[in-house]
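Trainee: So here's final-v3.txt (compact mmCIF, C-alpha atoms).
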# COMPACT_ATOMS: atom_id res chain seq x y z
CA MET N 1 -8.60 8.70 -6.40
CA ARG N 2 -10.95 7.23 -9.00
CA SER N 3 -11.76 3.55 -8.78
CA ALA N 4 -14.11 1.02 -10.35
CA VAL N 5 -15.48 -2.27 -9.06
CA ILE N 6 -16.71 -4.69 -11.72
CA THR N 7 -19.86 -6.73 -10.98
CA PHE N 8 -20.55 -10.01 -12.77
CA PRO N 9 -23.64 -12.20 -12.43
CA GLY N 10 -22.88 -14.13 -9.23
CA SER N 11 -20.47 -11.62 -7.70
CA ASN N 12 -21.12 -11.39 -3.96
CA CYS N 13 -18.17 -9.40 -2.64
CA ASP N 14 -18.52 -6.37 -4.90
CA ARG N 15 -20.13 -4.20 -2.23
CA ASP N 16 -17.49 -5.22 0.33
CA MET N 17 -14.76 -4.28 -2.13
CA ALA N 18 -16.36 -0.92 -2.98
CA VAL N 19 -16.80 -0.06 0.71
CA ALA N 20 -13.18 -0.97 1.49
CA ILE N 21 -11.82 1.14 -1.37
CA GLU N 22 -14.00 4.09 -0.43
CA GLU N 23 -13.09 3.78 3.26
CA VAL N 24 -9.33 3.45 2.77
CA CYS N 25 -8.57 5.14 -0.55
CA GLY N 26 -11.29 7.77 -0.65
CA GLY N 27 -12.54 9.35 -3.84
CA GLU N 28 -15.21 8.09 -6.17
CA VAL N 29 -15.85 4.36 -6.57
CA HIS N 30 -17.76 3.53 -9.77
CA ARG N 31 -19.85 0.36 -9.88
CA VAL N 32 -19.51 -1.11 -13.37
CA TRP N 33 -21.73 -3.86 -14.81
CA HIS N 34 -20.06 -6.65 -16.76
CA ARG N 35 -22.02 -5.93 -19.92
CA ASP N 36 -20.79 -2.35 -20.12
CA ALA N 37 -18.36 -1.84 -22.98
CA GLU N 38 -16.37 1.04 -21.48
CA LEU N 39 -14.84 2.02 -18.17
CA PRO N 40 -15.07 5.48 -16.62
CA GLN N 41 -12.25 7.78 -17.67
CA GLY N 42 -9.22 8.50 -15.50
CA LEU N 43 -9.32 5.42 -13.27
CA ASP N 44 -6.49 4.75 -10.83
CA LEU N 45 -7.70 1.32 -9.67
CA ILE N 46 -9.95 -1.39 -11.10
CA ALA N 47 -11.09 -4.18 -8.77
CA LEU N 48 -12.56 -7.55 -9.72
CA PRO N 49 -14.29 -8.90 -6.59
CA GLY N 50 -14.94 -12.34 -5.18
CA GLY N 51 -18.03 -14.44 -5.73
CA PHE N 52 -19.19 -17.10 -8.17
CA SER N 53 -19.41 -15.36 -11.55
CA TYR N 54 -21.85 -17.22 -13.79
CA GLY N 55 -22.16 -19.82 -11.02
CA ASP N 56 -18.59 -21.01 -11.76
CA TYR N 57 -20.04 -22.68 -14.86
CA LEU N 58 -17.46 -24.33 -17.19
CA ARG N 59 -14.46 -23.13 -15.13
CA SER N 60 -14.39 -20.52 -12.40
CA GLY N 61 -13.99 -17.13 -14.09
CA ALA N 62 -13.99 -18.53 -17.63
CA MET N 63 -17.26 -16.96 -18.74
CA ALA N 64 -16.70 -13.70 -16.86
CA ALA N 65 -13.37 -13.29 -18.65
CA ARG N 66 -15.34 -13.03 -21.92
CA SER N 67 -17.69 -10.32 -20.66
CA PRO N 68 -17.66 -7.10 -22.75
CA ILE N 69 -16.11 -5.02 -19.94
CA MET N 70 -13.04 -7.26 -19.77
CA ARG N 71 -11.76 -5.93 -23.09
CA ALA N 72 -11.63 -2.50 -21.48
CA VAL N 73 -10.01 -3.94 -18.32
CA VAL N 74 -7.29 -5.66 -20.36
CA ALA N 75 -6.64 -2.43 -22.27
CA ALA N 76 -6.46 -0.40 -19.06
CA ALA N 77 -4.02 -2.88 -17.54
CA GLY N 78 -1.87 -2.53 -20.65
CA ARG N 79 -1.76 1.23 -20.04
CA GLY N 80 -0.50 0.66 -16.51
CA VAL N 81 -3.74 1.13 -14.54
CA ALA N 82 -3.69 -0.84 -11.27
CA VAL N 83 -5.95 -3.91 -11.43
CA LEU N 84 -6.76 -6.01 -8.36
CA GLY N 85 -8.51 -9.37 -8.62
CA VAL N 86 -9.53 -11.09 -5.40
CA CYS N 87 -10.72 -14.71 -5.18
CA ASN N 88 -13.09 -15.07 -8.16
CA GLY N 89 -11.47 -11.90 -9.51
CA PHE N 90 -8.10 -13.72 -9.47
CA GLN N 91 -9.70 -16.55 -11.43
CA VAL N 92 -11.04 -14.06 -13.97
CA LEU N 93 -7.60 -12.46 -14.38
CA THR N 94 -5.97 -15.79 -15.21
CA GLU N 95 -8.77 -16.72 -17.62
CA ALA N 96 -8.42 -13.32 -19.32
CA GLY N 97 -4.68 -13.83 -19.79
CA LEU N 98 -3.65 -10.96 -17.51
CA LEU N 99 -1.92 -13.38 -15.13
CA PRO N 100 -0.33 -16.79 -15.80
CA GLY N 101 -1.45 -20.07 -14.32
CA ALA N 102 -4.87 -21.35 -13.32
CA LEU N 103 -6.96 -21.81 -10.19
CA MET N 104 -7.96 -25.42 -9.63
CA ARG N 105 -10.24 -27.25 -7.18
CA ASN N 106 -8.85 -27.23 -3.63
CA ALA N 107 -6.90 -30.24 -2.45
CA GLY N 108 -9.36 -32.39 -0.53
CA ILE N 109 -12.22 -30.92 -2.62
CA ARG N 110 -13.42 -28.77 0.26
CA PHE N 111 -14.52 -25.18 0.55
CA VAL N 112 -12.01 -23.34 2.75
CA CYS N 113 -13.40 -20.44 4.80
CA ARG N 114 -11.21 -19.19 7.65
CA GLU N 115 -8.46 -16.79 8.58
CA VAL N 116 -5.05 -17.79 7.22
CA ALA N 117 -1.52 -16.56 7.77
CA LEU N 118 0.40 -15.18 4.79
CA THR N 119 3.97 -14.08 4.35
CA VAL N 120 4.71 -11.05 2.18
CA ALA N 121 7.07 -12.12 -0.61
CA ASN N 122 7.28 -8.85 -2.56
CA THR N 123 7.31 -5.34 -1.08
CA ARG N 124 8.21 -3.45 -4.26
CA SER N 125 4.86 -3.43 -6.05
CA GLN N 126 2.23 -0.69 -5.80
CA PHE N 127 0.03 -3.15 -3.89
CA THR N 128 2.61 -4.33 -1.35
CA ARG N 129 5.00 -1.45 -0.69
CA GLY N 130 3.41 -0.79 2.71
CA TYR N 131 4.39 -4.19 4.07
CA MET N 132 7.75 -5.32 5.44
CA PRO N 133 9.72 -8.07 3.65
CA GLY N 134 8.71 -11.43 5.05
CA GLN N 135 5.99 -9.87 7.20
CA ARG N 136 3.40 -12.32 8.51
CA ILE N 137 -0.16 -11.10 8.05
CA ILE N 138 -3.61 -12.57 8.67
CA ILE N 139 -6.25 -12.38 5.90
CA PRO N 140 -9.49 -14.40 5.52
CA VAL N 141 -10.00 -16.86 2.68
CA ALA N 142 -13.28 -18.24 1.30
CA HIS N 143 -12.88 -20.42 -1.77
CA HIS N 144 -13.46 -23.81 -3.34
CA ASP N 145 -11.22 -23.35 -6.39
CA GLY N 146 -8.25 -21.51 -4.92
CA ASN N 147 -5.51 -24.01 -5.71
CA TYR N 148 -3.05 -21.98 -7.82
CA GLN N 149 -1.21 -24.09 -10.38
CA ALA N 150 1.27 -23.43 -13.19
CA ASP N 151 3.95 -25.45 -14.94
CA GLU N 152 7.40 -25.55 -13.40
CA ALA N 153 8.89 -23.16 -15.95
CA THR N 154 6.20 -20.57 -15.18
CA LEU N 155 6.63 -20.99 -11.43
CA ASP N 156 10.39 -20.58 -11.79
CA ARG N 157 9.86 -17.42 -13.86
CA LEU N 158 7.45 -15.96 -11.29
CA GLU N 159 9.95 -16.68 -8.53
CA GLY N 160 12.90 -15.31 -10.49
CA GLU N 161 11.09 -12.11 -11.47
CA GLY N 162 9.80 -11.46 -7.95
CA ARG N 163 6.19 -11.78 -9.06
CA VAL N 164 5.01 -13.88 -6.12
CA ALA N 165 3.33 -11.30 -3.91
CA PHE N 166 2.06 -13.47 -1.05
CA ARG N 167 2.52 -17.03 0.14
CA TYR N 168 0.50 -19.11 2.54
CA ALA N 169 2.48 -19.55 5.75
CA GLU N 170 0.97 -23.05 6.00
CA PRO N 171 -0.62 -25.37 3.41
CA VAL N 172 -4.19 -24.21 2.75
CA ASN N 173 -5.49 -25.55 -0.55
CA GLY N 174 -2.67 -27.40 -2.30
CA SER N 175 -1.44 -24.28 -4.12
CA ALA N 176 1.83 -24.79 -5.98
CA ARG N 177 4.66 -23.53 -3.77
CA ASP N 178 1.96 -22.16 -1.43
CA ILE N 179 1.40 -19.16 -3.71
CA ALA N 180 -1.47 -16.93 -2.54
CA GLY N 181 -0.91 -13.89 -4.76
CA VAL N 182 0.69 -13.24 -8.17
CA LEU N 183 1.76 -10.04 -9.94
CA SER N 184 1.87 -9.26 -13.66
CA GLU N 185 5.14 -8.50 -15.46
CA LYS N 186 4.64 -4.75 -15.04
CA GLY N 187 3.55 -5.21 -11.43
CA ASN N 188 0.32 -3.26 -11.90
CA VAL N 189 -1.96 -6.34 -11.86
CA LEU N 190 -2.36 -8.41 -8.68
CA GLY N 191 -4.43 -11.54 -8.25
CA MET N 192 -4.83 -12.99 -4.77
CA MET N 193 -7.10 -15.60 -3.19
CA PRO N 194 -7.40 -14.17 0.35
CA HIS N 195 -9.78 -11.23 0.86
CA PRO N 196 -7.92 -8.05 1.97
CA GLU N 197 -11.19 -6.07 1.85
CA ARG N 198 -12.40 -8.12 4.83
CA ARG N 199 -9.48 -7.05 7.04
CA ILE N 200 -9.43 -3.25 7.02
CA GLU N 201 -10.69 -2.41 10.52
CA GLN N 202 -9.85 -3.58 14.01
CA ALA N 203 -13.51 -4.56 14.33
CA HIS N 204 -12.83 -7.09 11.56
CA GLY N 205 -10.02 -8.60 13.62
CA GLY N 206 -7.16 -6.50 12.29
CA LYS N 207 -5.97 -4.13 9.58
CA ASP N 208 -3.56 -6.29 7.59
CA GLY N 209 -5.68 -5.95 4.45
CA ARG N 210 -5.94 -2.19 4.83
CA VAL N 211 -2.21 -1.88 4.11
CA LEU N 212 -2.73 -3.18 0.58
CA PHE N 213 -5.20 -0.42 -0.28
CA GLU N 214 -3.05 2.19 1.47
CA SER N 215 -0.13 1.06 -0.66
CA VAL N 216 -2.06 1.82 -3.85
CA VAL N 217 -2.78 5.34 -2.61
CA ARG N 218 0.82 5.84 -1.56
CA GLY N 219 1.98 4.78 -5.00
CA LEU N 220 -0.20 7.39 -6.66
CA VAL N 221 1.08 10.11 -4.33
CA ASP N 222 4.71 9.13 -4.95
CA ALA N 223 4.30 8.85 -8.72
Re-express the file's structure as structure tokens.
Mentor:
Amino acid sequence: MRSAVITFPGSNCDRDMAVAIEEVCGGEVHRVWHRDAELPQGLDLIALPGGFSYGDYLRSGAMAARSPIMRAVVAAAGRGVAVLGVCNGFQVLTEAGLLPGALMRNAGIRFVCREVALTVANTRSQFTRGYMPGQRIIIPVAHHDGNYQADEATLDRLEGEGRVAFRYAEPVNGSARDIAGVLSEKGNVLGMMPHPERRIEQAHGGKDGRVLFESVVRGLVDA
């Protein structure tokens, strides 16, 4: 499996993401700088990690979404390459137009950093096929602007098309309809606020995040 992790100025979870992909998925993990114009050939997975790209200046993810490498990421997503954006990466995906909606300041204007319970809302995507429908999982969150918002028509469309991947099992940040993860129309792009890369070993407190990466591998094998 060939993967790439994009690093922006202010990324701080890029190494965690690369280690998780290498540990679970195997194969070569390329580290790509945001100013690069091209991605390595033959990628199976592109990951946009958490952090504070450009210091969250203007809006979280807004400047990173205009980095040169994002043109190549958008093109790869259009070809069907799997793209995972976690936390700040989710913000970048919405700002780049790969996912609908926006990530706003948390309700209560507080940074949330703790383990949270999620329910799996979609088990048909290449990121979630390893989970059971309605399964309750525990994944850490660490964000200040994780409040997912979209207009009612967009939320209804996401619900109707089965594009809500994960929900918070309890209110966490004011997210509309407690949405914690959203899929693209083709299902090959996933943005989520919780950090699956921080939950891949029992030493981390559990392996609920590992299943997401295993699902990507399984999808490639079954394709």
Trainee: Taking all atoms listed in the file into account, which of N:Gly80, N:Gly101, N:Gly50, N:Pro140 comes nearest His204 (chain N)?
Mentor: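 Checking each candidate against His204 (chain N), we get N:Pro140 as the closest.
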Trainee: Quick one: everything within 10 Å of region 133-139 of chain N, counting only C-alpha atoms, minus sequence neighbours fewer than 4 positions away in the same chain. Send it as a PDB file with C-alpha atoms, in the coordinates of the input.
Mentor:
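As written to disk, around_25.pdb reads:
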ATOM      1  CA  ARG N 114     -11.210 -19.190   7.650  1.00  0.00           C
ATOM      2  CA  GLU N 115      -8.460 -16.790   8.580  1.00  0.00           C
ATOM      3  CA  VAL N 116      -5.050 -17.790   7.220  1.00  0.00           C
ATOM      4  CA  ALA N 117      -1.520 -16.560   7.770  1.00  0.00           C
ATOM      5  CA  LEU N 118       0.400 -15.180   4.790  1.00  0.00           C
ATOM      6  CA  THR N 119       3.970 -14.080   4.350  1.00  0.00           C
ATOM      7  CA  VAL N 120       4.710 -11.050   2.180  1.00  0.00           C
ATOM      8  CA  ALA N 121       7.070 -12.120  -0.610  1.00  0.00           C
ATOM      9  CA  ASN N 122       7.280  -8.850  -2.560  1.00  0.00           C
ATOM     10  CA  THR N 123       7.310  -5.340  -1.080  1.00  0.00           C
ATOM     11  CA  ARG N 124       8.210  -3.450  -4.260  1.00  0.00           C
ATOM     12  CA  THR N 128       2.610  -4.330  -1.350  1.00  0.00           C
ATOM     13  CA  ARG N 129       5.000  -1.450  -0.690  1.00  0.00           C
ATOM     14  CA  PHE N 166       2.060 -13.470  -1.050  1.00  0.00           C
ATOM     15  CA  ARG N 167       2.520 -17.030   0.140  1.00  0.00           C
ATOM     16  CA  TYR N 168       0.500 -19.110   2.540  1.00  0.00           C
ATOM     17  CA  ALA N 169       2.480 -19.550   5.750  1.00  0.00           C
ATOM     18  CA  MET N 193      -7.100 -15.600  -3.190  1.00  0.00           C
ATOM     19  CA  PRO N 194      -7.400 -14.170   0.350  1.00  0.00           C
ATOM     20  CA  HIS N 195      -9.780 -11.230   0.860  1.00  0.00           C
ATOM     21  CA  PRO N 196      -7.920  -8.050   1.970  1.00  0.00           C
ATOM     22  CA  GLU N 197     -11.190  -6.070   1.850  1.00  0.00           C
ATOM     23  CA  ARG N 198     -12.400  -8.120   4.830  1.00  0.00           C
ATOM     24  CA  ARG N 199      -9.480  -7.050   7.040  1.00  0.00           C
ATOM     25  CA  ILE N 200      -9.430  -3.250   7.020  1.00  0.00           C
ATOM     26  CA  GLY N 205     -10.020  -8.600  13.620  1.00  0.00           C
ATOM     27  CA  GLY N 206      -7.160  -6.500  12.290  1.00  0.00           C
ATOM     28  CA  LYS N 207      -5.970  -4.130   9.580  1.00  0.00           C
ATOM     29  CA  ASP N 208      -3.560  -6.290   7.590  1.00  0.00           C
ATOM     30  CA  GLY N 209      -5.680  -5.950   4.450  1.00  0.00           C
TER      31      GLY N 209
END
Trainee: For a test of reading the model, state the distance in Å between CA of Gly191 (chain N) and CA of Gln91 (chain N), rounded to one decimal.
Mentor: 7.9 Å
Trainee: Find the distance between CA of Ala102 (chain N) and CA of Ala150 (chain N) and write it in Å to one decimal.
Mentor: 6.5 Å
Trainee: Hey, can you check how far CA of Asn88 (chain N) sits from CA of Pro49 (chain N)?
Mentor: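 Calculated distance between CA of Asn88 (chain N) and CA of Pro49 (chain N) is 6.5 Å.
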Trainee: What's the 6 Å shell around His143 (chain N), counting only C-alpha atoms, without same-chain residues fewer than 2 positions away, as an MDAnalysis selection string?
Mentor: chainID N and resid 111:112 145:146
Trainee: Residues around (-11.8, 2.1, 3.2), cut-off 9 Å, counting only C-alpha atoms - what are they as a VMD selection string?
Mentor: chain N and resid 17 to 26 197 200 to 201 210 213 to 214
Trainee: Which one of N:Met132, N:Ile69, N:Leu93, N:Leu103 sits closest to Ser215 (chain N) if you count only C-alpha atoms?
Mentor: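 Selected residue with least distance to Ser215 (chain N): N:Met132.
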Trainee: Tell me which protein, DNA and RNA residues are within 10 Å of region 59-66 of chain N, counting all atoms listed in the file, leaving out same-chain ones fewer than 2 positions away, and put them as a PyMOL selection string.
Mentor: chain N and resi 7-10+34-35+51-57+68-71+73-74+87-97+102-105+144-146
Trainee: Between N:Gln149, N:Leu190, N:Leu39, N:Gly160, single out the one closest to Arg177 (chain N), counting all atoms listed in the file.
Mentor: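 Answer, going by the shortest atom-to-atom distance: N:Gln149.
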Trainee: So, with all atoms listed in the file as the atoms that count, which of N:Pro100, N:Asp16, N:Met1, N:Asp178 lies closest to Thr154 (chain N)?
Mentor: N:Pro100
Trainee: I'd like the contact shell of Asn173 (chain N) - 7 Å cut-off, all atoms listed in the file, skipping same-chain residues fewer than 6 positions apart - returned as a PyMOL selection string.
Mentor: chain N and resi 106-107+146-147
Trainee: Show which residues sit within 9 Å of Ile6 (chain N), as a list in words. Count all atoms listed in the file, and ignore same-chain residues fewer than 5 positions away.
Mentor: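 Answer for this query is Ser11, Asp14, His30, Arg31, Val32, Trp33, His34, Ile46, Ala47, Leu48, Pro49 and Ile69 of chain N.
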Trainee: Smallest atom-to-atom distance to Gly85 (chain N): which of N:Leu158, N:Val141, N:Asp151, N:Leu98, using all atoms listed in the file?
Mentor: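 For Gly85 (chain N), the nearest of the candidates is N:Leu98.
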Trainee: Using all atoms listed in the file, pick whichever of N:Ser175, N:Asn188, N:Gln41, N:Gln126 has the shortest atom-to-atom distance to Leu99 (chain N).
Mentor: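 Residue with the minimum atom-to-atom distance to Leu99 (chain N): N:Asn188.
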